[in-house]
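Enquirer: Dumping the structure here so I can ask a few things about it.
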Amino acid sequence: MRRKTVVSLLRTWQEVRGTALHAIGMDSPIRPSLPKPDVKPLQEQMQSCFESPGGEITARAHTAELGRIYLSLNEEGREKFLRLLAEDFDVDHLKLRALAEKYVKTADAKDRLKLEIDLRQALVSPRSVILRQFTALPDGFKFLINLRADLMPLIGKDSKLAGLEFDLKTILSSWFDVGLLDLVELTWNSPAAVLEKLIEYEAVHRVSSWDDLKNRLDADRRVFAFFHNKMQIEPLIFVHVALVEGMSDNVQALLDETSPLSDAAKADTAIFYSISNAQKGLAGISFGNFLIKRVVSKLTEEMPHIKTFATLSPIPGMRGWLDPLLAKGDESIFAAKEATSLRKLSADKNAAVGLLALLETPWHKDAKTAEALKPTLMRLAAKYLLEAKGKDGIKPLDPVSNFHLFNGARLERLNWLGDTSAKGMKQAAGMMVNYHYKLSHIDENHEEFVTHGKIVAARQVRSYLD
């Protein structure tokens, strides 16, 4: 999929380059790995983009050429390209410091206002000027999104790249908001290119075949996609919905291709079973509040007989939180009865170590073992969802939980062995959760969560901690 995008961008920009080839010189000799002798020509090309000599056509040609160079590089070359852009086209720190010191010493209101303006301008990095020029190119937004996707894995290796990532995120955040997105329902008759991307980008429950995809687009299902007017054939988010009777508690049953087609007219519940970000480069960029609310509103208009809107969601971070505690042999997370039961069940003197060993086996296939583990694991799942916090000490540690609570949902129900796939067992010991979207409460729930960090949860979920 990435290769197709590169080819498309190169074709699109070839015409832009051609209109002003005399202004940017011959084709760049820069080689894929960006060896040292090729760094200076690249710096000069970046500088040309920053200074924008000539008219608008020439400026666009310079930007298209810079993008072409990047797309021609291999992984090693792209990393060097990003480091060069991050370090050589950063803000002028000496100028910034001098302005800041002058501002602190200035008492006159008129002079301070002028210095504030100067400071704002000094904080605009040359690289951000270069990056913004891509927004004027055809498919330039897709290029910036892919650029950020390439950059994000590198930040952990070099903090100097964080400034570049911030600039990219700022540019993309200013353009991508839920109010600027178009909501489109996909069907089996939608363009094949979009359906291919639906298969490619599905991140929650892999689409195994075209038959599987057809099943997800059947009369008792709905699939929606959000598009941006700057990327009309590139979906940003996919939302999969199943129309059922009652709240679903098992994803294998929900996605069973052999199950008979349900009558959508008799359905009383819409289950959101997969919400996938189709663009890795937009990770961490909020599309605004109430993304799901738009889908709920659309479904309500089409099918007023649907009264319940809920998700069947994974708990992707549960084992990542629990396993390290178990590995340390921390028995404090268990009640006395739980620890005793686990020691007997695992034949290990340490209940935590014993549970960790059990979780690495196909324990769920043995009814007796599964029943014995159920009370402990359900309580630990509730503890994780209600009490485990992220780095800020406020937001839930689980990313899926954070997303739905931010969008105004209520943590409704834990589902025992709701996903017994290898992925489901590895992520959350097979457990899933329902988040309930009640239109009359979405705004209130969102405000409680954002303002006070309150997790609105049903009594059934909180009862596991009693």
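Residues in the structure tokens are numbered from 1 in each chain, the chains being A, B, ... in the order shown, and ligands are numbered from 1 in the order shown.
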Just want the 8 Å neighbourhood of Val295 in chain A, counted on only C-alpha atoms, with same-chain residues fewer than 4 positions away dropped. Output as a list in words.

Expert: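 Close residues of Val295 in chain A: Leu183, Phe224, Leu291 and Leu299 of chain A.
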
Enquirer: Save out the residues we just selected, C-alpha atoms, as a short mmCIF file (atom, residue, chain, number, x, y, z; two decimals), in the first residue's frame.

Expert:
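Final output, result-v8.cif:
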```
data_model
loop_
_atom_site.label_atom_id
_atom_site.label_comp_id
_atom_site.auth_asym_id
_atom_site.auth_seq_id
_atom_site.Cartn_x
_atom_site.Cartn_y
_atom_site.Cartn_z
CA LEU A 183 -18.75 10.82 6.85
CA PHE A 224 -18.47 4.14 7.66
CA LEU A 291 -16.37 11.36 16.49
CA LEU A 299 -27.70 5.70 12.31
#
```

Enquirer: List as a short mmCIF file (atom, residue, chain, number, x, y, z; two decimals) with N, CA and C atoms, in the first residue's frame the protein and nucleic acid residues near Ala422 in chain A, meaning an atom at most 12 Å away when only C-alpha atoms are counted, but skip any in the same chain fewer than 3 places from it.

Expert:
```cif
data_model
loop_
_atom_site.label_atom_id
_atom_site.label_comp_id
_atom_site.auth_asym_id
_atom_site.auth_seq_id
_atom_site.Cartn_x
_atom_site.Cartn_y
_atom_site.Cartn_z
N HIS A 205 -9.68 -6.15 14.10
CA HIS A 205 -9.99 -7.55 13.76
C HIS A 205 -9.68 -7.73 12.28
N GLN A 252 -16.09 -13.32 18.24
CA GLN A 252 -16.07 -14.45 17.31
C GLN A 252 -17.48 -14.75 16.80
N LEU A 359 -1.38 -18.09 32.34
CA LEU A 359 -1.82 -17.24 31.24
C LEU A 359 -1.07 -17.50 29.94
N GLU A 360 0.07 -18.17 30.03
CA GLU A 360 0.84 -18.50 28.83
C GLU A 360 0.43 -19.85 28.25
N THR A 361 -0.58 -20.47 28.84
CA THR A 361 -1.10 -21.75 28.36
C THR A 361 -2.50 -21.54 27.77
N PRO A 362 -3.02 -22.53 27.04
CA PRO A 362 -4.41 -22.42 26.54
C PRO A 362 -5.43 -22.73 27.63
N HIS A 364 -7.99 -21.27 28.74
CA HIS A 364 -9.42 -21.00 28.50
C HIS A 364 -10.15 -22.19 27.89
N LEU A 417 -14.16 -13.84 28.29
CA LEU A 417 -13.78 -14.58 27.08
C LEU A 417 -14.54 -14.08 25.85
N ASP A 419 -13.12 -12.47 23.44
CA ASP A 419 -12.26 -12.62 22.27
C ASP A 419 -11.19 -13.66 22.58
N MET A 425 -6.30 -13.14 23.59
CA MET A 425 -5.76 -13.77 24.79
C MET A 425 -4.47 -13.07 25.23
N LYS A 426 -3.65 -12.69 24.27
CA LYS A 426 -2.38 -12.04 24.60
C LYS A 426 -2.59 -10.64 25.15
N GLN A 427 -3.60 -9.93 24.64
CA GLN A 427 -3.83 -8.55 25.07
C GLN A 427 -4.53 -8.46 26.42
N ALA A 428 -5.57 -9.30 26.60
CA ALA A 428 -6.42 -9.10 27.77
C ALA A 428 -7.00 -10.39 28.33
N ALA A 429 -6.28 -11.48 28.20
CA ALA A 429 -6.78 -12.77 28.70
C ALA A 429 -8.18 -13.07 28.16
N GLY A 430 -8.42 -12.63 26.93
CA GLY A 430 -9.68 -12.93 26.26
C GLY A 430 -10.84 -12.01 26.59
N MET A 431 -10.64 -11.05 27.46
CA MET A 431 -11.76 -10.21 27.87
C MET A 431 -11.98 -9.02 26.93
#
```

Enquirer: Using CA of Ser401 in chain A and CA of Val456 in chain A as the two end points, give the distance in Å to one decimal.

Expert: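 Rounded to one decimal, the two atoms are 11.1 Å apart.
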
Enquirer: Contacts of Ala351 in chain A at 8 Å or less, counting only C-alpha atoms, minus same-chain residues fewer than 3 places along, as a PDB file with C-alpha atoms, in the first residue's frame?

Expert:
```
ATOM      1  CA  GLY A 329       5.703 -12.026  42.209  1.00  0.00           C
ATOM      2  CA  GLU A 331       0.764 -11.008  45.512  1.00  0.00           C
ATOM      3  CA  ALA A 339      -4.083 -16.104  46.224  1.00  0.00           C
ATOM      4  CA  THR A 340      -4.923 -19.413  47.905  1.00  0.00           C
ATOM      5  CA  LEU A 342      -4.229 -19.595  42.449  1.00  0.00           C
ATOM      6  CA  ARG A 343      -1.529 -21.466  44.375  1.00  0.00           C
ATOM      7  CA  SER A 346      -0.953 -23.502  39.404  1.00  0.00           C
ATOM      8  CA  ASP A 348       3.258 -22.669  42.464  1.00  0.00           C
ATOM      9  CA  GLY A 354       1.660 -19.126  39.055  1.00  0.00           C
ATOM     10  CA  LEU A 355      -0.997 -17.006  37.338  1.00  0.00           C
TER      11      LEU A 355
END
```

Enquirer: Figure out the distance between CA of Ala270 in chain A and CA of Phe309 in chain A, please, to one decimal in Å.

Expert: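 CA of Ala270 in chain A lies 4.9 Å from CA of Phe309 in chain A.
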
Enquirer: Please, which residues of range 273-443 of chain A, numbered as in this document, come out strand (DSSP E) from DSSP, as a list in words?

Expert: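 DSSP on the backbone gives strand (DSSP E) at Tyr273, Ser274, Ile275, Ser276, Asn277, Thr308, Phe309, Ala310, Thr311, Ser313, Pro314, Arg410, Leu411, Glu412, Arg413, Leu414, Asn415, Met432, Val433, Asn434, Tyr435 and His436 of chain A.
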
Enquirer: Just want the 12 Å neighbourhood of Trp188 in chain A, counted on only C-alpha atoms, with same-chain residues fewer than 3 positions away dropped. Output as a list in words.

Expert: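 After dropping sequence-adjacent residues, the list is Glu185, Pro191, Ala192, Ala193, Val194, Leu195, Glu196, Leu198, Trp210, Asp211, Asp212, Leu213, Lys214, Asn215, Arg216, Leu217, Asp218, Ala219, Arg221, Arg222 and Val223 of chain A.
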
Enquirer: Given the choices A:Asp92, A:Glu202, A:Glu387, A:Glu101, which gets closest to Ile275 in chain A if the distance is worked out from only C-alpha atoms?

Expert: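 Nearest candidate to Ile275 in chain A out of A:Asp92, A:Glu202, A:Glu387, A:Glu101: A:Glu202.
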
Enquirer: Could you list, as an MDAnalysis selection string, every residue within 12 Å of Glu444 in chain A, counting only C-alpha atoms and ignoring same-chain residues fewer than 6 positions away?

Expert: chainID A and resid 290 405:410 437:438 450:452 454:456

Enquirer: Write a file of the just-selected residues containing C-alpha atoms, as a CSV table (one decimal), in the first residue's frame.

Expert:
```csv
chain,number,residue,atom,x,y,z
A,290,PHE,CA,-17.8,13.3,19.4
A,405,LEU,CA,-14.6,8.0,27.6
A,406,PHE,CA,-13.3,11.1,25.9
A,407,ASN,CA,-16.0,10.7,23.3
A,408,GLY,CA,-18.7,10.6,26.0
A,409,ALA,CA,-19.3,6.9,26.4
A,410,ARG,CA,-20.1,5.0,29.7
A,437,TYR,CA,-23.1,5.7,23.9
A,438,LYS,CA,-26.4,7.2,25.1
A,450,VAL,CA,-12.3,16.0,30.6
A,451,THR,CA,-12.9,18.4,33.5
A,452,HIS,CA,-12.6,16.0,36.5
A,454,LYS,CA,-14.2,11.0,36.1
A,455,ILE,CA,-14.8,7.6,34.6
A,456,VAL,CA,-18.5,7.1,34.2
```

Enquirer: Just the residues within 12 Å of Met303 in chain A, please, counting only C-alpha atoms, with nothing from its chain fewer than 4 positions along; format it as a ChimeraX atom specification.

Expert: /A:220,222,243,264-270,295-299,307-309

Enquirer: Considering only C-alpha atoms, return as a PDB file with C-alpha atoms, in the first residue's frame whatever protein or nucleic-acid residues lie within 9 Å of Phe227 in chain A, sequence-local ones (same chain, fewer than 2 positions apart) excluded.

Expert:
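And here is the file that came out, part.pdb:
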```pdb
ATOM      1  CA  LEU A 180     -13.876  19.183   8.611  1.00  0.00           C
ATOM      2  CA  LEU A 181     -14.370  15.503   7.838  1.00  0.00           C
ATOM      3  CA  ASP A 182     -16.964  13.926   5.564  1.00  0.00           C
ATOM      4  CA  LEU A 183     -18.755  10.820   6.850  1.00  0.00           C
ATOM      5  CA  VAL A 184     -19.388   8.279   4.072  1.00  0.00           C
ATOM      6  CA  ALA A 225     -15.369   6.053   6.658  1.00  0.00           C
ATOM      7  CA  ASN A 229     -11.544  17.153   1.429  1.00  0.00           C
ATOM      8  CA  LYS A 230      -7.783  17.363   0.906  1.00  0.00           C
ATOM      9  CA  MET A 231      -7.559  13.550   0.730  1.00  0.00           C
ATOM     10  CA  GLN A 232     -10.741  12.537  -1.020  1.00  0.00           C
ATOM     11  CA  ILE A 233      -9.677   8.982  -1.879  1.00  0.00           C
ATOM     12  CA  GLU A 234      -7.675   8.336   1.297  1.00  0.00           C
ATOM     13  CA  PRO A 235      -9.882   7.310   4.258  1.00  0.00           C
ATOM     14  CA  LEU A 236      -8.778   8.546   7.683  1.00  0.00           C
ATOM     15  CA  ILE A 237     -10.912   6.371   9.962  1.00  0.00           C
TER      16      ILE A 237
END
```

Enquirer: Write out as a Markdown table a residue-level contact list of range 75-111 of chain A versus range 46-50 of chain A with cut-off 10 Å: for each qualifying residue the closest pair of atoms and the distance in Å to one decimal, counting only C-alpha atoms, rows sorted by chain and residue number upward.

Expert:
```
| residue | atom | partner | partner_atom | distance |
| --- | --- | --- | --- | --- |
| A:Leu84 | CA | A:Met46 | CA | 9.4 |
| A:Leu85 | CA | A:Met46 | CA | 7.9 |
| A:Asp88 | CA | A:Met46 | CA | 9.6 |
| A:Phe89 | CA | A:Gln47 | CA | 8.6 |
```

Enquirer: Between CA of Thr311 in chain A and CA of His436 in chain A, what is the distance in Å, rounded to a tenth?

Expert: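 These atoms are spaced 6.6 Å apart.
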
Enquirer: Just the helix (DSSP H, G or I) stuff from range 57-124 of chain A, please, per backbone DSSP, written as a PyMOL selection string.

Expert: chain A and resi 57-72+75-88+93-105+109-122
